[in-house]
Structure formats: C-alpha cells, structure tokens
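Written out below as structure tokens is the structure these notes cover.
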Amino acid sequence: MRNEIWGIVLAAGLSRRMGTPKMLLPYREKTLIRSVIEKSLNSVLDGVVVVINPKVEGLYKEVSLTRVKQVIINNDSHIGMSSSIKAGLHSLPKQVEAAVILLGDQPEINEKSINKVVEAFLKHKTAVVQSVFLNNEKGHPVLFKRNMFPHLLETDGDSGGKFVIQKFNKEVVYAEMNQMNIPDIDTFEDYQRLIKEEGVRK
C-alpha cells in the first residue's frame with residue numbers, strides 16, 4: 001500500500017479586497033469554497049483538510065457539511081498564507097507522503113488538474129510538482145513531498161510555497177495543464193467576471 005497524498009485547501013483569508021466573505025459567495029448552486037472542496041474530494045486525493053478563518057461567520061458550518069477529513073481553525077490568518085499552510089501541514093497524519101496545496105478562491109479548478117499533479121508526482125517522485133499553464137504561467141495546485149514540509153514550516157507572511165519552490169527549483173517537476181491559468185477571485189470584479197463567464201457557458 002502506497003503512502004497517501006492529501007489536499008490542503010486554504011480558505012482563511014479575510015477577503016479584504018472583496019469586502020464580503022468571498023468563500024461563501026454563490027457559484028453553480030453552491031459556494032466558492034464548496035466547489036473547490038467537492039472537486040478535491042472527487043479527485044484521486046486520499047484525504048482533504050480545509051484551513052479556515054474563525055472570524056468568517058458561517059464558514060465553519062459550510063465546510064463541515066462536506067466530507068473533508070478535518071476543518072482546521074487558523075487564528076493567525078492575519079499573518080499571511082504561510083500560517084494556513086503550516087496549520088494544514090501540522091494536521092496531516094504520518095502516513096501522508098505528500099500534500100497538494102489548493103486555493104479556496106479558485107472555484108474553476110477541476111479534478112483533472114489535481115489528478116495531473118498527483119500523477120506527475122507518482123511518476124517522478126520529485127520534491128515539488130507545480131502546475132504550469134499556457135504562456136508558461138505557473139500556479140496552483142502545487143504538490144510538496146514530505147521532505148519539503150520542514151522548509152514550508154519555516155516560511156512566513158504570504159510567501160507560501162514560492163520561497164520553497166525557488167530554493168529547490170532543480171527538484172521541481174511541472175505538470176502541464178494545457179489551459180489558461182486558473183484565476184483567483186480576489187475582488188468583486190473578479191467575481192462578476194466569473195458569474196458572467198458561467199452565464200455564457202450555459
């Protein structure tokens with residue numbers, strides 16, 4: 001039996017640029033965060049944990065309604081994304097060989113993208129697998145092998161995994177997504193674009 005690969009969904013931001021809790025905004029008859037979680041759960045990942053901000057009313061209940069393994073409360077979310085990554089890593093069981101970092105404000109992510117990152121890791125067993133999109137844009141999801149966890153735990157602020165990727169760039173394998181980069185939903189304009197494009201696709 002192989003060691004497990006889990007996902008860590010980061011959803012502890014304060015939505016300062018949005019002006020309202022973006023994780024709870026409606027999308028495809030769900031919420032933004034529920035969309036990301038369900039796609040993660042439908043992927044090949046062995047387990048999923050979600051890191052949330054306890055100050056966002058209703059978020060814990062929304063996330064708890066899913067089949068995630070654990071909901072992690074991050075009381076230090078004001079420090080930056082690195083605090084959520086650390087909280088997620090600390091929650092992982094010992095049998096987890098690698099973790100895939102996912103962003104809760106990327107509802108357009110799909111199971112296929114997550115699976116490609118995992119497949120690249122299983123093939124190469126490298127320290128880091130990062131998604132690469134058309135025009136050579138790099139983004140999420142990103143996978144880190146367990147031997148990278150100590151380095152991630154040393155990061156601070158919003159550097160997240162960027163510092164680790166740069167430091168160990170020779171050990172990074174890129175998973176080709178063959179699509180445009182998945183945008184974050186940071187502002188109300190981003191959300192309006194998302195809903196508009198969704199209406200066009202229907």
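All residue names refer to the structure tokens as shown: chains lettered A, B, ... in order, residues numbered from 1 in each chain, ligands numbered from 1 in order.
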Per-residue DSSP, chain A, filtered to helix (DSSP H, G or I), as a ChimeraX atom specification | /A:22-24,32-41,59-64,77-79,81-91,111-124,134-136,146-152,162-167,169-171,188-201
Would you list, as a list in words, the residues of segment 59-134 of chain A that end up in strand (DSSP E) under DSSP run on this structure's backbone?
->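 Selection result, strand (DSSP E) within segment 59-134 of chain A: Gln70, Val71, Ile72, Ile73, Val96, Glu97, Ala98, Ala99, Val100, Ile101, Leu102, Leu103, Val128, Val129, Gln130, Ser131 and Val132 of chain A.
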I need the residues from that last selection saved to file as a tab-separated table (two decimals), in the first residue's frame (with all heavy atoms), if you can.
```tsv
chain	number	residue	atom	x	y	z
A	70	GLN	N	-10.85	16.96	8.03
A	70	GLN	CA	-10.71	17.84	9.20
A	70	GLN	C	-10.84	19.30	8.78
A	70	GLN	O	-10.39	19.70	7.70
A	70	GLN	CB	-9.34	17.61	9.86
A	70	GLN	CG	-9.20	18.24	11.24
A	70	GLN	CD	-7.88	17.85	11.90
A	70	GLN	OE1	-7.13	17.03	11.39
A	70	GLN	NE2	-7.60	18.46	13.03
A	71	VAL	N	-11.48	20.10	9.62
A	71	VAL	CA	-11.55	21.54	9.43
A	71	VAL	C	-10.58	22.17	10.42
A	71	VAL	O	-10.71	21.99	11.64
A	71	VAL	CB	-12.97	22.09	9.66
A	71	VAL	CG1	-12.99	23.60	9.45
A	71	VAL	CG2	-13.97	21.40	8.74
A	72	ILE	N	-9.59	22.88	9.92
A	72	ILE	CA	-8.55	23.47	10.75
A	72	ILE	C	-8.84	24.95	10.98
A	72	ILE	O	-9.05	25.70	10.03
A	72	ILE	CB	-7.16	23.33	10.09
A	72	ILE	CG1	-6.94	21.92	9.55
A	72	ILE	CG2	-6.07	23.74	11.07
A	72	ILE	CD1	-7.00	20.84	10.58
A	73	ILE	N	-8.86	25.36	12.24
A	73	ILE	CA	-9.07	26.77	12.59
A	73	ILE	C	-7.72	27.47	12.64
A	73	ILE	O	-6.82	27.06	13.38
A	73	ILE	CB	-9.77	26.90	13.96
A	73	ILE	CG1	-11.11	26.16	13.96
A	73	ILE	CG2	-9.96	28.37	14.32
A	73	ILE	CD1	-12.12	26.69	12.99
A	96	VAL	N	0.92	10.37	5.40
A	96	VAL	CA	0.84	11.24	4.24
A	96	VAL	C	2.24	11.49	3.68
A	96	VAL	O	3.11	12.02	4.36
A	96	VAL	CB	0.15	12.57	4.60
A	96	VAL	CG1	0.20	13.54	3.42
A	96	VAL	CG2	-1.30	12.32	5.01
A	97	GLU	N	2.42	11.11	2.44
A	97	GLU	CA	3.71	11.23	1.77
A	97	GLU	C	3.89	12.58	1.10
A	97	GLU	O	5.02	13.08	0.94
A	97	GLU	CB	3.84	10.12	0.72
A	97	GLU	CG	5.15	10.13	-0.05
A	97	GLU	CD	5.20	9.05	-1.13
A	97	GLU	OE1	4.14	8.46	-1.44
A	97	GLU	OE2	6.30	8.81	-1.66
A	98	ALA	N	2.78	13.19	0.70
A	98	ALA	CA	2.85	14.47	0.00
A	98	ALA	C	1.54	15.22	0.19
A	98	ALA	O	0.49	14.61	0.45
A	98	ALA	CB	3.14	14.26	-1.48
A	99	ALA	N	1.62	16.54	0.07
A	99	ALA	CA	0.43	17.38	0.22
A	99	ALA	C	0.26	18.27	-1.00
A	99	ALA	O	1.24	18.83	-1.51
A	99	ALA	CB	0.55	18.25	1.47
A	100	VAL	N	-0.98	18.38	-1.45
A	100	VAL	CA	-1.31	19.26	-2.57
A	100	VAL	C	-1.97	20.51	-2.00
A	100	VAL	O	-2.99	20.43	-1.31
A	100	VAL	CB	-2.26	18.57	-3.57
A	100	VAL	CG1	-2.64	19.53	-4.69
A	100	VAL	CG2	-1.61	17.32	-4.15
A	101	ILE	N	-1.37	21.67	-2.28
A	101	ILE	CA	-1.92	22.94	-1.80
A	101	ILE	C	-2.93	23.46	-2.82
A	101	ILE	O	-2.61	23.62	-4.01
A	101	ILE	CB	-0.80	23.98	-1.59
A	101	ILE	CG1	0.30	23.42	-0.66
A	101	ILE	CG2	-1.39	25.27	-1.02
A	101	ILE	CD1	-0.16	23.07	0.72
A	102	LEU	N	-4.14	23.72	-2.34
A	102	LEU	CA	-5.22	24.23	-3.19
A	102	LEU	C	-5.75	25.53	-2.60
A	102	LEU	O	-5.74	25.70	-1.38
A	102	LEU	CB	-6.35	23.20	-3.26
A	102	LEU	CG	-5.94	21.83	-3.82
A	102	LEU	CD1	-6.59	20.72	-3.03
A	102	LEU	CD2	-6.32	21.73	-5.28
A	103	LEU	N	-6.22	26.41	-3.46
A	103	LEU	CA	-6.73	27.70	-3.01
A	103	LEU	C	-8.26	27.70	-3.02
A	103	LEU	O	-8.89	27.35	-4.03
A	103	LEU	CB	-6.21	28.82	-3.91
A	103	LEU	CG	-4.69	28.94	-4.03
A	103	LEU	CD1	-4.31	30.14	-4.90
A	103	LEU	CD2	-4.03	29.04	-2.66
A	128	VAL	N	8.83	18.54	-5.52
A	128	VAL	CA	7.76	19.51	-5.79
A	128	VAL	C	7.19	19.27	-7.18
A	128	VAL	O	7.94	19.03	-8.13
A	128	VAL	CB	8.28	20.96	-5.71
A	128	VAL	CG1	7.14	21.96	-5.95
A	128	VAL	CG2	8.94	21.24	-4.37
A	129	VAL	N	5.86	19.35	-7.28
A	129	VAL	CA	5.20	19.35	-8.59
A	129	VAL	C	4.34	20.60	-8.65
A	129	VAL	O	3.47	20.81	-7.80
A	129	VAL	CB	4.32	18.11	-8.81
A	129	VAL	CG1	3.62	18.20	-10.17
A	129	VAL	CG2	5.12	16.82	-8.71
A	130	GLN	N	4.60	21.44	-9.65
A	130	GLN	CA	3.82	22.66	-9.80
A	130	GLN	C	3.06	22.64	-11.12
A	130	GLN	O	3.56	22.15	-12.14
A	130	GLN	CB	4.70	23.90	-9.76
A	130	GLN	CG	3.90	25.21	-9.81
A	130	GLN	CD	4.73	26.45	-9.56
A	130	GLN	OE1	5.92	26.47	-9.83
A	130	GLN	NE2	4.10	27.48	-9.04
A	131	SER	N	1.85	23.17	-11.10
A	131	SER	CA	1.05	23.28	-12.32
A	131	SER	C	1.67	24.36	-13.22
A	131	SER	O	2.08	25.41	-12.75
A	131	SER	CB	-0.39	23.67	-12.00
A	131	SER	OG	-0.99	22.73	-11.15
A	132	VAL	N	1.72	24.07	-14.52
A	132	VAL	CA	2.15	25.08	-15.48
A	132	VAL	C	1.07	25.18	-16.56
A	132	VAL	O	0.60	24.18	-17.08
A	132	VAL	CB	3.54	24.76	-16.09
A	132	VAL	CG1	3.54	23.43	-16.84
A	132	VAL	CG2	4.01	25.90	-16.98
```
Per-residue nearest contacts of segment 35-129 of chain A to segment 154-172 of chain A (9 Å; only C-alpha atoms) as JSON lines:
```
{"residue": "A:His78", "atom": "CA", "partner": "A:Gly157", "partner_atom": "CA", "distance": 8.8}
{"residue": "A:Ile79", "atom": "CA", "partner": "A:Gly157", "partner_atom": "CA", "distance": 5.6}
{"residue": "A:Gly80", "atom": "CA", "partner": "A:Gly157", "partner_atom": "CA", "distance": 4.5}
{"residue": "A:Met81", "atom": "CA", "partner": "A:Asp158", "partner_atom": "CA", "distance": 4.7}
{"residue": "A:Ser82", "atom": "CA", "partner": "A:Gly160", "partner_atom": "CA", "distance": 4.5}
{"residue": "A:Ser83", "atom": "CA", "partner": "A:Asp156", "partner_atom": "CA", "distance": 7.0}
{"residue": "A:Ser84", "atom": "CA", "partner": "A:Gly160", "partner_atom": "CA", "distance": 8.7}
{"residue": "A:Ile85", "atom": "CA", "partner": "A:Gly160", "partner_atom": "CA", "distance": 7.0}
{"residue": "A:Lys86", "atom": "CA", "partner": "A:Thr155", "partner_atom": "CA", "distance": 8.6}
{"residue": "A:Ile101", "atom": "CA", "partner": "A:Gly161", "partner_atom": "CA", "distance": 8.8}
{"residue": "A:Thr126", "atom": "CA", "partner": "A:Glu171", "partner_atom": "CA", "distance": 6.1}
{"residue": "A:Ala127", "atom": "CA", "partner": "A:Glu171", "partner_atom": "CA", "distance": 5.7}
{"residue": "A:Val128", "atom": "CA", "partner": "A:Val172", "partner_atom": "CA", "distance": 4.7}
{"residue": "A:Val129", "atom": "CA", "partner": "A:Val172", "partner_atom": "CA", "distance": 5.6}
```
Pick out the closest residue to Asn181 of chain A from this set: A:His140, A:Lys112, A:Lys94, A:His151. Count only C-alpha atoms.
->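 Nearest to Asn181 of chain A: A:His140.
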Please report as a Markdown table every residue of segment 168-200 of chain A lying within 10 Å of segment 23-35 of chain A, along with the nearest atom pair and their distance in Å (one decimal), using only C-alpha atoms.
```
| residue | atom | partner | partner_atom | distance |
| --- | --- | --- | --- | --- |
| A:Ile185 | CA | A:Leu32 | CA | 9.0 |
| A:Tyr191 | CA | A:Leu25 | CA | 8.7 |
| A:Leu194 | CA | A:Tyr27 | CA | 8.7 |
| A:Ile195 | CA | A:Tyr27 | CA | 7.5 |
| A:Glu198 | CA | A:Arg28 | CA | 8.3 |
```
Which residues, written as an MDAnalysis selection string, have at least one atom at most 8 Å from Ile109 of chain A, with only C-alpha atoms counted and residues fewer than 5 positions away on the same chain left out?
-> chainID A and resid 36 39 182
Expected file: the selected residues, C-alpha atoms, as a short mmCIF file (atom, residue, chain, number, x, y, z; two decimals), in the first residue's frame:
```cif
data_model
loop_
_atom_site.label_atom_id
_atom_site.label_comp_id
_atom_site.auth_asym_id
_atom_site.auth_seq_id
_atom_site.Cartn_x
_atom_site.Cartn_y
_atom_site.Cartn_z
CA VAL A 36 -13.26 23.71 -4.58
CA LYS A 39 -13.67 18.83 -6.75
CA ILE A 182 -6.99 29.44 -13.09
#
```
